[in-house]
>>> print(open('work-v7.cif').read())   # mmCIF, C-alpha atoms and all ligand atoms
data_work
loop_
_atom_site.label_atom_id
_atom_site.label_comp_id
_atom_site.auth_asym_id
_atom_site.auth_seq_id
_atom_site.Cartn_x
_atom_site.Cartn_y
_atom_site.Cartn_z
CA MET A 281 -1.38 -17.58 1.39
CA LYS A 282 -3.16 -20.36 3.29
CA ASP A 283 -3.58 -19.64 7.03
CA THR A 284 -2.30 -16.08 6.66
CA VAL A 285 -4.02 -12.85 7.71
CA THR A 286 -3.02 -9.77 5.73
CA ILE A 287 -3.97 -6.19 6.59
CA VAL A 288 -4.33 -4.02 3.47
CA THR A 289 -4.71 -0.28 4.05
CA GLY A 290 -6.74 1.71 1.52
CA GLY A 291 -8.22 -1.56 0.27
CA SER A 292 -11.68 -0.33 -0.69
CA GLN A 293 -10.71 0.48 -4.27
CA GLY A 294 -7.91 0.81 -6.82
CA ILE A 295 -4.61 -0.94 -6.20
CA GLY A 296 -5.50 -1.87 -2.59
CA ARG A 297 -8.69 -3.59 -3.67
CA SER A 298 -6.85 -5.57 -6.33
CA ILE A 299 -4.26 -6.66 -3.75
CA ALA A 300 -6.98 -7.71 -1.29
CA GLU A 301 -8.86 -9.72 -3.94
CA PHE A 302 -5.72 -11.40 -5.29
CA LEU A 303 -4.46 -12.44 -1.84
CA ALA A 304 -7.91 -13.86 -1.06
CA ALA A 305 -7.92 -15.72 -4.40
CA LYS A 306 -4.61 -17.27 -3.30
CA GLY A 307 -6.27 -18.58 -0.13
CA GLY A 308 -5.41 -15.84 2.38
CA ASP A 309 -7.66 -14.04 4.87
CA VAL A 310 -7.76 -10.27 4.42
CA VAL A 311 -8.50 -7.32 6.70
CA ILE A 312 -9.08 -3.90 5.20
CA PHE A 313 -8.28 -0.61 6.96
CA ASP A 314 -9.91 2.21 4.98
CA ILE A 315 -11.52 5.54 5.62
CA ALA A 316 -14.13 4.65 2.96
CA ASP A 317 -16.78 1.93 3.33
CA SER A 318 -15.33 -1.42 2.25
CA SER A 319 -18.20 -3.75 3.14
CA ASP A 320 -18.74 -4.82 -0.49
CA ILE A 321 -15.20 -6.14 -0.88
CA VAL A 322 -15.42 -7.90 2.49
CA GLN A 323 -18.64 -9.61 1.30
CA TYR A 324 -16.97 -10.55 -1.99
CA ILE A 325 -14.00 -12.16 -0.21
CA ARG A 326 -16.25 -14.04 2.23
CA GLN A 327 -18.30 -15.39 -0.69
CA LYS A 328 -15.05 -16.75 -2.13
CA GLY A 329 -14.56 -18.71 1.11
CA GLN A 330 -11.96 -16.64 2.95
CA ARG A 331 -12.34 -14.73 6.20
CA SER A 332 -12.45 -10.97 5.86
CA GLU A 333 -13.04 -7.97 8.12
CA PHE A 334 -13.13 -4.24 7.57
CA TYR A 335 -12.24 -1.45 10.00
CA GLN A 336 -13.30 2.02 8.94
CA ILE A 337 -10.39 4.09 10.25
CA ASP A 338 -8.09 6.91 9.28
CA VAL A 339 -4.69 5.23 9.10
CA SER A 340 -2.90 8.49 9.83
CA ASN A 341 -4.39 8.38 13.36
CA PHE A 342 -1.90 6.58 15.64
CA ASN A 343 -4.39 5.55 18.36
CA MET A 344 -7.07 4.36 15.93
CA VAL A 345 -4.54 2.12 14.17
CA GLY A 346 -3.24 0.64 17.45
CA GLU A 347 -6.78 -0.22 18.56
CA ALA A 348 -7.68 -1.68 15.15
CA VAL A 349 -4.61 -3.95 15.10
CA ASP A 350 -5.45 -5.23 18.61
CA LYS A 351 -8.94 -5.99 17.30
CA VAL A 352 -7.51 -7.91 14.31
CA ILE A 353 -5.58 -10.14 16.71
CA LYS A 354 -8.76 -10.68 18.76
CA ASP A 355 -11.01 -11.34 15.72
CA MET A 356 -8.64 -13.17 13.37
CA GLY A 357 -6.10 -14.67 15.80
CA ARG A 358 -2.97 -13.33 14.11
CA VAL A 359 -1.47 -10.84 11.68
CA SER A 360 0.90 -12.38 9.17
CA ASN A 361 1.36 -9.57 6.63
CA LEU A 362 0.78 -5.84 6.21
CA VAL A 363 0.42 -3.84 3.00
CA ASN A 364 0.76 -0.09 3.57
CA ASN A 365 -1.14 1.06 0.49
CA ALA A 366 -3.42 3.97 1.52
CA GLY A 367 -2.30 7.18 -0.13
CA ILE A 368 -3.42 10.51 -1.52
CA THR A 369 -2.10 13.28 -3.74
CA ALA A 370 -2.42 17.06 -3.39
CA ASP A 371 -0.40 18.20 -6.41
CA LYS A 372 0.84 21.77 -6.79
CA LEU A 373 4.07 23.47 -7.76
CA LEU A 374 6.15 24.15 -4.66
CA LEU A 375 5.50 27.90 -4.63
CA ARG A 376 1.73 27.29 -4.64
CA MET A 377 1.79 24.41 -2.21
CA LYS A 378 0.20 25.21 1.13
CA GLU A 379 1.54 23.98 4.44
CA GLU A 380 -1.64 21.90 4.86
CA ASP A 381 -1.06 20.21 1.43
CA TRP A 382 2.37 19.16 2.65
CA ASP A 383 1.21 18.01 6.10
CA ARG A 384 -1.83 16.06 4.90
CA VAL A 385 0.09 14.10 2.24
CA LEU A 386 2.96 13.30 4.62
CA GLN A 387 0.52 12.23 7.37
CA ILE A 388 -1.54 9.91 5.17
CA ASN A 389 1.21 8.53 2.94
CA LEU A 390 4.13 8.25 5.37
CA LYS A 391 3.02 8.56 9.00
CA SER A 392 0.31 5.95 8.37
CA ALA A 393 3.04 3.42 7.49
CA PHE A 394 4.81 4.21 10.78
CA ASN A 395 1.50 3.78 12.67
CA CYS A 396 0.55 0.47 11.06
CA THR A 397 4.04 -1.03 10.99
CA LYS A 398 4.76 -0.19 14.64
CA ALA A 399 1.44 -1.73 15.68
CA VAL A 400 1.92 -5.04 13.77
CA VAL A 401 5.64 -5.51 14.47
CA ARG A 402 4.81 -5.91 18.19
CA TYR A 403 2.97 -9.12 17.22
CA MET A 404 5.25 -10.18 14.38
CA LEU A 405 8.26 -10.30 16.75
CA LYS A 406 6.90 -13.65 17.96
CA THR A 407 5.72 -15.04 14.61
CA GLY A 408 7.72 -13.36 11.84
CA GLY A 409 5.86 -11.63 9.03
CA SER A 410 6.08 -9.69 5.81
CA ILE A 411 5.38 -6.03 5.08
CA VAL A 412 5.07 -4.31 1.71
CA ASN A 413 4.98 -0.52 1.42
CA ILE A 414 3.45 0.96 -1.72
CA SER A 415 5.83 3.73 -2.77
CA SER A 416 5.79 5.34 -6.23
CA ILE A 417 7.91 6.09 -9.27
CA ALA A 418 7.65 9.70 -8.04
CA GLY A 419 9.53 8.71 -4.88
CA VAL A 420 12.34 7.19 -6.95
CA MET A 421 12.81 9.83 -9.67
CA GLY A 422 10.88 12.91 -8.39
CA ASN A 423 8.06 14.66 -10.25
CA ALA A 424 7.39 18.36 -10.82
CA GLY A 425 4.20 19.35 -9.02
CA GLN A 426 4.50 16.52 -6.50
CA ALA A 427 7.16 17.65 -4.00
CA ASN A 428 4.95 16.57 -1.08
CA TYR A 429 3.91 13.24 -2.65
CA ALA A 430 7.43 12.39 -3.91
CA ALA A 431 8.92 13.21 -0.49
CA SER A 432 6.37 10.95 1.23
CA LYS A 433 7.06 8.10 -1.21
CA ALA A 434 10.86 8.50 -1.00
CA GLY A 435 10.42 8.55 2.80
CA LEU A 436 8.66 5.19 2.56
CA ILE A 437 11.73 3.73 0.85
CA GLY A 438 14.06 4.86 3.68
CA PHE A 439 11.51 3.56 6.18
CA THR A 440 11.35 0.20 4.36
CA LYS A 441 15.12 -0.31 4.40
CA SER A 442 15.52 0.78 8.04
CA VAL A 443 12.78 -1.49 9.41
CA ALA A 444 14.09 -4.35 7.20
CA ARG A 445 17.50 -3.95 8.87
CA GLU A 446 16.00 -3.70 12.38
CA TYR A 447 13.83 -6.83 12.27
CA GLY A 448 15.34 -9.15 9.64
CA GLU A 449 16.78 -11.44 12.30
CA ARG A 450 13.31 -11.74 13.86
CA GLY A 451 11.95 -13.16 10.60
CA ILE A 452 10.20 -9.96 9.50
CA ARG A 453 10.75 -8.97 5.86
CA VAL A 454 10.01 -5.42 4.66
CA ASN A 455 9.94 -4.43 0.99
CA ALA A 456 8.56 -1.64 -1.19
CA VAL A 457 6.83 -1.63 -4.56
CA ALA A 458 7.11 1.53 -6.66
CA PRO A 459 4.28 1.63 -9.23
CA GLY A 460 4.43 3.79 -12.36
CA PHE A 461 1.12 5.01 -13.82
CA ILE A 462 -1.66 2.62 -12.89
CA LYS A 463 -5.30 2.85 -14.04
CA THR A 464 -7.14 3.95 -10.88
CA ARG A 465 -9.08 6.98 -9.64
CA MET A 466 -5.70 8.61 -8.90
CA THR A 467 -4.76 8.73 -12.60
CA GLU A 468 -8.19 8.97 -14.27
CA SER A 469 -8.00 12.78 -14.34
CA LEU A 470 -5.15 12.60 -16.89
CA ASP A 471 -6.35 14.21 -20.13
CA GLU A 472 -6.03 12.55 -23.56
CA LYS A 473 -2.90 14.55 -24.47
CA SER A 474 -1.04 13.65 -21.24
CA ARG A 475 -2.10 10.03 -21.73
CA GLU A 476 -0.64 9.96 -25.26
CA THR A 477 2.63 11.57 -24.11
CA MET A 478 2.76 9.01 -21.31
CA PHE A 479 2.24 6.04 -23.65
CA LYS A 480 5.17 7.23 -25.78
CA ALA A 481 7.42 7.38 -22.71
CA ILE A 482 6.48 3.91 -21.44
CA PRO A 483 8.47 1.20 -23.29
CA LEU A 484 5.65 -1.32 -22.76
CA GLY A 485 3.23 1.20 -24.32
CA ARG A 486 0.39 1.07 -21.81
CA LEU A 487 -0.69 2.23 -18.36
CA GLY A 488 -0.47 -0.42 -15.65
CA GLU A 489 -3.46 -2.32 -14.29
CA PRO A 490 -4.00 -2.59 -10.51
CA ASP A 491 -3.41 -6.36 -10.89
CA ASP A 492 0.12 -5.68 -12.18
CA ILE A 493 0.89 -4.36 -8.70
CA ALA A 494 -1.14 -7.02 -6.85
CA HIS A 495 0.87 -9.82 -8.48
CA VAL A 496 4.20 -8.37 -7.32
CA VAL A 497 2.87 -7.72 -3.80
CA TYR A 498 1.72 -11.35 -3.64
CA PHE A 499 5.17 -12.53 -4.79
CA LEU A 500 6.87 -10.47 -2.05
CA LEU A 501 4.48 -11.58 0.70
CA SER A 502 4.49 -15.25 -0.26
CA GLU A 503 7.18 -17.89 0.22
CA TYR A 504 8.49 -17.03 -3.27
CA GLY A 505 9.90 -13.81 -1.80
CA SER A 506 11.31 -15.43 1.32
CA TYR A 507 14.95 -14.33 0.72
CA ILE A 508 14.06 -10.74 -0.27
CA THR A 509 14.07 -7.86 2.20
CA GLY A 510 14.82 -4.12 2.05
CA GLU A 511 14.18 -4.18 -1.71
CA VAL A 512 12.30 -1.70 -3.91
CA ILE A 513 10.63 -3.27 -6.96
CA ASN A 514 9.78 -0.87 -9.79
CA VAL A 515 6.58 -1.85 -11.63
CA ASN A 516 6.21 0.80 -14.29
CA GLY A 517 6.34 -0.72 -17.80
CA GLY A 518 9.93 0.55 -18.13
CA LEU A 519 9.10 4.25 -17.62
CA TYR A 520 11.96 4.38 -15.13
CA MET A 521 14.77 1.82 -15.22
P1 LIG B 601 -7.06 5.26 -4.78
O1 LIG B 601 -7.83 4.56 -5.84
O2 LIG B 601 -7.31 6.70 -4.53
O3 LIG B 601 -7.24 4.43 -3.41
C1 LIG B 601 -6.66 4.86 -2.21
C2 LIG B 601 -7.49 4.34 -1.06
O4 LIG B 601 -6.91 4.81 0.17
C3 LIG B 601 -8.93 4.87 -1.09
O5 LIG B 601 -9.84 3.83 -0.78
C4 LIG B 601 -8.92 5.92 -0.01
O6 LIG B 601 -10.18 6.18 0.61
C5 LIG B 601 -7.96 5.30 0.99
N1 LIG B 601 -7.48 6.30 1.94
C6 LIG B 601 -7.11 7.59 1.68
N2 LIG B 601 -6.78 8.20 2.82
C7 LIG B 601 -6.95 7.30 3.82
C8 LIG B 601 -6.76 7.35 5.23
N3 LIG B 601 -6.35 8.45 5.83
N4 LIG B 601 -7.03 6.25 5.95
C9 LIG B 601 -7.47 5.11 5.37
N5 LIG B 601 -7.65 4.99 4.03
C10 LIG B 601 -7.39 6.08 3.27
O7 LIG B 601 -5.49 5.15 -5.05
P2 LIG B 601 -4.64 4.07 -5.86
O8 LIG B 601 -4.33 4.64 -7.18
O9 LIG B 601 -5.23 2.72 -5.75
O10 LIG B 601 -3.28 4.13 -5.02
C11 LIG B 601 -2.95 3.20 -4.01
C12 LIG B 601 -1.51 3.46 -3.57
O11 LIG B 601 -0.65 3.32 -4.70
C13 LIG B 601 -1.29 4.88 -3.04
O12 LIG B 601 -0.39 4.84 -1.96
C14 LIG B 601 -0.67 5.59 -4.21
O13 LIG B 601 0.13 6.67 -3.81
C15 LIG B 601 0.15 4.48 -4.83
N6 LIG B 601 0.48 4.71 -6.23
C16 LIG B 601 -0.53 4.80 -7.16
C17 LIG B 601 -0.19 5.04 -8.50
C18 LIG B 601 -1.23 5.14 -9.59
O14 LIG B 601 -0.85 5.41 -10.73
N7 LIG B 601 -2.50 4.93 -9.32
C19 LIG B 601 1.16 5.17 -8.85
C20 LIG B 601 2.14 5.07 -7.89
C21 LIG B 601 1.79 4.83 -6.57
P3 LIG B 601 -11.15 7.36 -0.04
O15 LIG B 601 -11.75 6.74 -1.22
O16 LIG B 601 -12.13 7.68 1.04
O17 LIG B 601 -10.23 8.50 -0.33
#
>>> encode(input="work-v7.cif", output="structure tokens")
Amino acid sequence: MKDTVTIVTGGSQGIGRSIAEFLAAKGGDVVIFDIADSSDIVQYIRQKGQRSEFYQIDVSNFNMVGEAVDKVIKDMGRVSNLVNNAGITADKLLLRMKEEDWDRVLQINLKSAFNCTKAVVRYMLKTGGSIVNISSIAGVMGNAGQANYAASKAGLIGFTKSVAREYGERGIRVNAVAPGFIKTRMTESLDEKSRETMFKAIPLGRLGEPDDIAHVVYFLLSEYGSYITGEVINVNGGLYM
């Protein structure tokens, strides 16, 4: 990742934080876009010898994202990669789901990827680049109680393939990673019984670690993934295959 600048959205914790730390450990500079304070991770990355900046923004806000990407170019000189990772859930069965539950999840999980991708592709047209969208197993196979979330994550897959087709010849690769159940704040509310049922359904017999996702994102962003675009990689311990 030497001489690369990667923007990671939602990088203050969970999967995004793991991705940011792993890319920095591989020698890349990392910029975090998060609504939460991320100064501790920025400090951590700088101590390891890489450049790092943090912009406290809501990635579902089109104008904020455009301004932040311009600032990245000014501060860091380039943007080589983007990881659209920020995401939320607002789970309810369809009949109980409110319009605002639908809108909020679609705005933060899907529109944010449009905002960030559109803003970086302007620059990547000249330099090439690589983009990874963090989808979900729910977007691939659906999940009761997550119609809004699954729709946003399935939407990311269509978005990934379309942008990959549009800009492949300009040297921009776009891929998606679809995690299964990963140990983060998002899944910590699972009770013991659901956890046990889950373990039985996962052939590898464990929940995923955030690093399991970070390693695959690194592979896709790095030269090892240089002939891969428009692909969706499932990282779920075999829960869906
Ligand atoms: P997480 O621990 O909740 O982290 C998500 C991060 O995104 C948080 O730092 C959050 O900030 C930030 N964020 C939320 N809304 C934002 C916004 N509007 N603008 C900027 N930042 C925002 O979640 P995670 O488990 O690491 O998940 C990361 C991604 O992986 C998500 O897209 C998720 O859907 C996907 N995924 C996760 C799993 C899993 O099992 N964990 C499985 C499949 C897919 P706050 O702390 O302020 O909310």
>>> residues_around(input="work-v7.cif", residues="A:Leu405", least_positions_apart="2", cutoff="8 Å", atoms="all atoms listed in the file", output="number ranges by chain")
A: 401-403, 407-408, 447, 450-452
>>> closest_residue(input="work-v7.cif", among="A:Gly308, A:Gly346, A:Gly290, A:Gly448", to="A:Asn389", atoms="all atoms listed in the file")
A:Gly290
>>> axis_aligned_box(input="work-v7.cif", around="ligand LIG 601 (chain B)", padding_each_side="5 Å", output="JSON")
{"center_x": -5.0, "center_y": 5.6, "center_z": -2.4, "size_x": 24.3, "size_y": 15.8, "size_z": 26.7}
>>> closest_atom_pairs(input="work-v7.cif", of="chain A", to="ligand LIG 601 (chain B)", cutoff="9 Å", atoms="all atoms listed in the file", output="CSV")
residue,atom,partner,partner_atom,distance
A:Thr289,CA,B:LIG601,N5,6.0
A:Gly290,CA,B:LIG601,O4,3.4
A:Gly291,CA,B:LIG601,O5,5.7
A:Ser292,CA,B:LIG601,O5,4.5
A:Gln293,CA,B:LIG601,O5,4.9
A:Gly294,CA,B:LIG601,O9,3.5
A:Ile295,CA,B:LIG601,O9,3.7
A:Gly296,CA,B:LIG601,O9,5.6
A:Arg297,CA,B:LIG601,O9,7.5
A:Ser298,CA,B:LIG601,O9,8.5
A:Phe313,CA,B:LIG601,C9,6.0
A:Asp314,CA,B:LIG601,N5,3.7
A:Ile315,CA,B:LIG601,C9,4.1
A:Ala316,CA,B:LIG601,O16,4.1
A:Asp317,CA,B:LIG601,O16,7.7
A:Ser318,CA,B:LIG601,O5,8.2
A:Gln336,CA,B:LIG601,C9,7.5
A:Ile337,CA,B:LIG601,C9,5.8
A:Asp338,CA,B:LIG601,N4,3.6
A:Val339,CA,B:LIG601,N4,4.1
A:Ser340,CA,B:LIG601,N3,5.3
A:Asn341,CA,B:LIG601,N3,7.8
A:Asn364,CA,B:LIG601,O12,7.5
A:Asn365,CA,B:LIG601,O12,4.6
A:Ala366,CA,B:LIG601,O4,3.8
A:Gly367,CA,B:LIG601,O12,3.5
A:Ile368,CA,B:LIG601,C6,5.7
A:Thr369,CA,B:LIG601,O13,7.0
A:Arg384,CA,B:LIG601,N3,8.9
A:Gln387,CA,B:LIG601,N3,8.0
A:Ile388,CA,B:LIG601,N3,5.1
A:Asn389,CA,B:LIG601,O12,6.3
A:Ser392,CA,B:LIG601,N3,7.6
A:Asn413,CA,B:LIG601,O12,8.3
A:Ile414,CA,B:LIG601,O12,5.5
A:Ser415,CA,B:LIG601,C21,5.7
A:Ser416,CA,B:LIG601,C20,4.0
A:Ile417,CA,B:LIG601,C20,6.0
A:Ala418,CA,B:LIG601,C20,7.2
A:Gly419,CA,B:LIG601,C20,8.8
A:Tyr429,CA,B:LIG601,O13,7.7
A:Lys433,CA,B:LIG601,O13,7.5
A:Val457,CA,B:LIG601,C21,8.4
A:Ala458,CA,B:LIG601,C20,6.2
A:Pro459,CA,B:LIG601,C20,4.3
A:Gly460,CA,B:LIG601,C19,5.0
A:Phe461,CA,B:LIG601,O14,3.7
A:Ile462,CA,B:LIG601,O14,3.6
A:Lys463,CA,B:LIG601,N7,5.9
A:Thr464,CA,B:LIG601,O8,4.7
A:Arg465,CA,B:LIG601,O1,4.7
A:Met466,CA,B:LIG601,O8,4.5
A:Thr467,CA,B:LIG601,O14,5.5
A:Glu468,CA,B:LIG601,N7,8.6
A:Leu487,CA,B:LIG601,O14,8.3
A:Gly488,CA,B:LIG601,O14,7.6
A:Glu489,CA,B:LIG601,N7,8.8
A:Pro490,CA,B:LIG601,O9,7.2
A:Ile493,CA,B:LIG601,O11,8.8
A:Asn516,CA,B:LIG601,C19,8.6
>>> closest_residue(input="work-v7.cif", among="A:Glu301, A:Glu379, A:Glu446, A:Asp350", to="A:Ala399", atoms="only C-alpha atoms")
A:Asp350
>>> atom_distance(input="work-v7.cif", atom1="atom CA of A:Gly307", atom2="atom CA of A:Ala456")
22.5 Å
>>> residues_around(input="work-v7.cif", residues="stretch 500-514 of chain A", least_positions_apart="4", cutoff="10 Å", atoms="all atoms listed in the file", output="ChimeraX atom specification")
/A:281-282,284,286,303,306,360-363,409-417,420,437-445,448,451-460,493-496,518-521
>>> closest_residue(input="work-v7.cif", among="A:Leu373, A:Ser332, A:Met421, A:Tyr498", to="A:Asp320", atoms="only C-alpha atoms")
A:Ser332
>>> closest_residue(input="work-v7.cif", among="A:Asp283, A:Tyr335, A:Lys398, A:Ile325", to="A:Phe302", atoms="all atoms listed in the file")
A:Ile325
>>> closest_residue(input="work-v7.cif", among="A:Met404, A:Met344, A:Asn395, A:Asp381", to="A:Val285", atoms="only C-alpha atoms")
A:Met404
>>> decode(input="work-v7.cif", residues="stretch 452-475 of chain A", atoms="N, CA, C and O atoms", output="PDB file, in the first residue's frame")
ATOM      1  N   ILE A 452     -10.108   2.080 -13.071  1.00  0.00           N
ATOM      2  CA  ILE A 452     -10.752   2.111 -11.742  1.00  0.00           C
ATOM      3  C   ILE A 452     -11.464   0.770 -11.529  1.00  0.00           C
ATOM      4  O   ILE A 452     -12.336   0.386 -12.319  1.00  0.00           O
ATOM      5  N   ARG A 453     -11.059   0.064 -10.472  1.00  0.00           N
ATOM      6  CA  ARG A 453     -11.696  -1.218 -10.141  1.00  0.00           C
ATOM      7  C   ARG A 453     -12.686  -1.002  -8.997  1.00  0.00           C
ATOM      8  O   ARG A 453     -12.422  -0.219  -8.080  1.00  0.00           O
ATOM      9  N   VAL A 454     -13.833  -1.701  -9.084  1.00  0.00           N
ATOM     10  CA  VAL A 454     -14.864  -1.557  -8.046  1.00  0.00           C
ATOM     11  C   VAL A 454     -15.359  -2.945  -7.669  1.00  0.00           C
ATOM     12  O   VAL A 454     -15.820  -3.705  -8.535  1.00  0.00           O
ATOM     13  N   ASN A 455     -15.226  -3.300  -6.402  1.00  0.00           N
ATOM     14  CA  ASN A 455     -15.649  -4.616  -5.924  1.00  0.00           C
ATOM     15  C   ASN A 455     -16.456  -4.475  -4.649  1.00  0.00           C
ATOM     16  O   ASN A 455     -16.468  -3.409  -4.013  1.00  0.00           O
ATOM     17  N   ALA A 456     -17.112  -5.566  -4.253  1.00  0.00           N
ATOM     18  CA  ALA A 456     -17.871  -5.567  -2.996  1.00  0.00           C
ATOM     19  C   ALA A 456     -17.427  -6.750  -2.148  1.00  0.00           C
ATOM     20  O   ALA A 456     -17.027  -7.796  -2.671  1.00  0.00           O
ATOM     21  N   VAL A 457     -17.498  -6.559  -0.830  1.00  0.00           N
ATOM     22  CA  VAL A 457     -17.278  -7.647   0.116  1.00  0.00           C
ATOM     23  C   VAL A 457     -18.584  -7.805   0.895  1.00  0.00           C
ATOM     24  O   VAL A 457     -19.161  -6.815   1.348  1.00  0.00           O
ATOM     25  N   ALA A 458     -19.057  -9.048   0.993  1.00  0.00           N
ATOM     26  CA  ALA A 458     -20.310  -9.302   1.707  1.00  0.00           C
ATOM     27  C   ALA A 458     -20.014 -10.101   2.979  1.00  0.00           C
ATOM     28  O   ALA A 458     -19.918 -11.343   2.936  1.00  0.00           O
ATOM     29  N   PRO A 459     -19.835  -9.417   4.121  1.00  0.00           N
ATOM     30  CA  PRO A 459     -19.546 -10.142   5.360  1.00  0.00           C
ATOM     31  C   PRO A 459     -20.768 -10.914   5.860  1.00  0.00           C
ATOM     32  O   PRO A 459     -21.909 -10.514   5.619  1.00  0.00           O
ATOM     33  N   GLY A 460     -20.481 -12.013   6.590  1.00  0.00           N
ATOM     34  CA  GLY A 460     -21.534 -12.721   7.336  1.00  0.00           C
ATOM     35  C   GLY A 460     -21.672 -12.050   8.692  1.00  0.00           C
ATOM     36  O   GLY A 460     -21.720 -10.820   8.779  1.00  0.00           O
ATOM     37  N   PHE A 461     -21.661 -12.847   9.767  1.00  0.00           N
ATOM     38  CA  PHE A 461     -21.778 -12.261  11.115  1.00  0.00           C
ATOM     39  C   PHE A 461     -20.399 -11.997  11.704  1.00  0.00           C
ATOM     40  O   PHE A 461     -19.635 -12.927  11.938  1.00  0.00           O
ATOM     41  N   ILE A 462     -20.102 -10.734  11.909  1.00  0.00           N
ATOM     42  CA  ILE A 462     -18.774 -10.325  12.365  1.00  0.00           C
ATOM     43  C   ILE A 462     -18.917  -9.723  13.762  1.00  0.00           C
ATOM     44  O   ILE A 462     -19.883  -8.990  14.024  1.00  0.00           O
ATOM     45  N   LYS A 463     -17.930 -10.011  14.631  1.00  0.00           N
ATOM     46  CA  LYS A 463     -17.984  -9.524  16.020  1.00  0.00           C
ATOM     47  C   LYS A 463     -17.732  -8.026  16.070  1.00  0.00           C
ATOM     48  O   LYS A 463     -16.581  -7.572  16.068  1.00  0.00           O
ATOM     49  N   THR A 464     -18.799  -7.235  16.082  1.00  0.00           N
ATOM     50  CA  THR A 464     -18.691  -5.776  16.257  1.00  0.00           C
ATOM     51  C   THR A 464     -19.894  -5.331  17.072  1.00  0.00           C
ATOM     52  O   THR A 464     -20.753  -6.144  17.411  1.00  0.00           O
ATOM     53  N   ARG A 465     -19.991  -4.016  17.296  1.00  0.00           N
ATOM     54  CA  ARG A 465     -21.145  -3.468  18.025  1.00  0.00           C
ATOM     55  C   ARG A 465     -22.454  -3.894  17.358  1.00  0.00           C
ATOM     56  O   ARG A 465     -23.454  -4.125  18.017  1.00  0.00           O
ATOM     57  N   MET A 466     -22.414  -4.008  15.999  1.00  0.00           N
ATOM     58  CA  MET A 466     -23.641  -4.320  15.254  1.00  0.00           C
ATOM     59  C   MET A 466     -24.226  -5.673  15.648  1.00  0.00           C
ATOM     60  O   MET A 466     -25.423  -5.886  15.589  1.00  0.00           O
ATOM     61  N   THR A 467     -23.357  -6.626  16.034  1.00  0.00           N
ATOM     62  CA  THR A 467     -23.854  -7.976  16.334  1.00  0.00           C
ATOM     63  C   THR A 467     -23.780  -8.305  17.828  1.00  0.00           C
ATOM     64  O   THR A 467     -24.176  -9.389  18.232  1.00  0.00           O
ATOM     65  N   GLU A 468     -23.310  -7.362  18.661  1.00  0.00           N
ATOM     66  CA  GLU A 468     -23.108  -7.730  20.072  1.00  0.00           C
ATOM     67  C   GLU A 468     -24.426  -7.898  20.826  1.00  0.00           C
ATOM     68  O   GLU A 468     -24.463  -8.525  21.881  1.00  0.00           O
ATOM     69  N   SER A 469     -25.524  -7.379  20.231  1.00  0.00           N
ATOM     70  CA  SER A 469     -26.819  -7.519  20.904  1.00  0.00           C
ATOM     71  C   SER A 469     -27.421  -8.921  20.728  1.00  0.00           C
ATOM     72  O   SER A 469     -28.429  -9.249  21.351  1.00  0.00           O
ATOM     73  N   LEU A 470     -26.771  -9.765  19.918  1.00  0.00           N
ATOM     74  CA  LEU A 470     -27.292 -11.139  19.747  1.00  0.00           C
ATOM     75  C   LEU A 470     -27.265 -11.875  21.089  1.00  0.00           C
ATOM     76  O   LEU A 470     -26.245 -11.884  21.767  1.00  0.00           O
ATOM     77  N   ASP A 471     -28.401 -12.485  21.478  1.00  0.00           N
ATOM     78  CA  ASP A 471     -28.392 -13.206  22.756  1.00  0.00           C
ATOM     79  C   ASP A 471     -27.713 -14.568  22.598  1.00  0.00           C
ATOM     80  O   ASP A 471     -27.394 -14.993  21.484  1.00  0.00           O
ATOM     81  N   GLU A 472     -27.492 -15.238  23.738  1.00  0.00           N
ATOM     82  CA  GLU A 472     -26.732 -16.498  23.769  1.00  0.00           C
ATOM     83  C   GLU A 472     -27.372 -17.548  22.853  1.00  0.00           C
ATOM     84  O   GLU A 472     -26.688 -18.256  22.121  1.00  0.00           O
ATOM     85  N   LYS A 473     -28.736 -17.599  22.896  1.00  0.00           N
ATOM     86  CA  LYS A 473     -29.449 -18.620  22.119  1.00  0.00           C
ATOM     87  C   LYS A 473     -29.251 -18.380  20.604  1.00  0.00           C
ATOM     88  O   LYS A 473     -28.953 -19.312  19.855  1.00  0.00           O
ATOM     89  N   SER A 474     -29.391 -17.119  20.191  1.00  0.00           N
ATOM     90  CA  SER A 474     -29.208 -16.817  18.751  1.00  0.00           C
ATOM     91  C   SER A 474     -27.774 -17.110  18.343  1.00  0.00           C
ATOM     92  O   SER A 474     -27.498 -17.580  17.234  1.00  0.00           O
ATOM     93  N   ARG A 475     -26.827 -16.825  19.247  1.00  0.00           N
ATOM     94  CA  ARG A 475     -25.419 -17.073  18.964  1.00  0.00           C
ATOM     95  C   ARG A 475     -25.185 -18.567  18.705  1.00  0.00           C
ATOM     96  O   ARG A 475     -24.524 -18.952  17.748  1.00  0.00           O
TER      97      ARG A 475
END
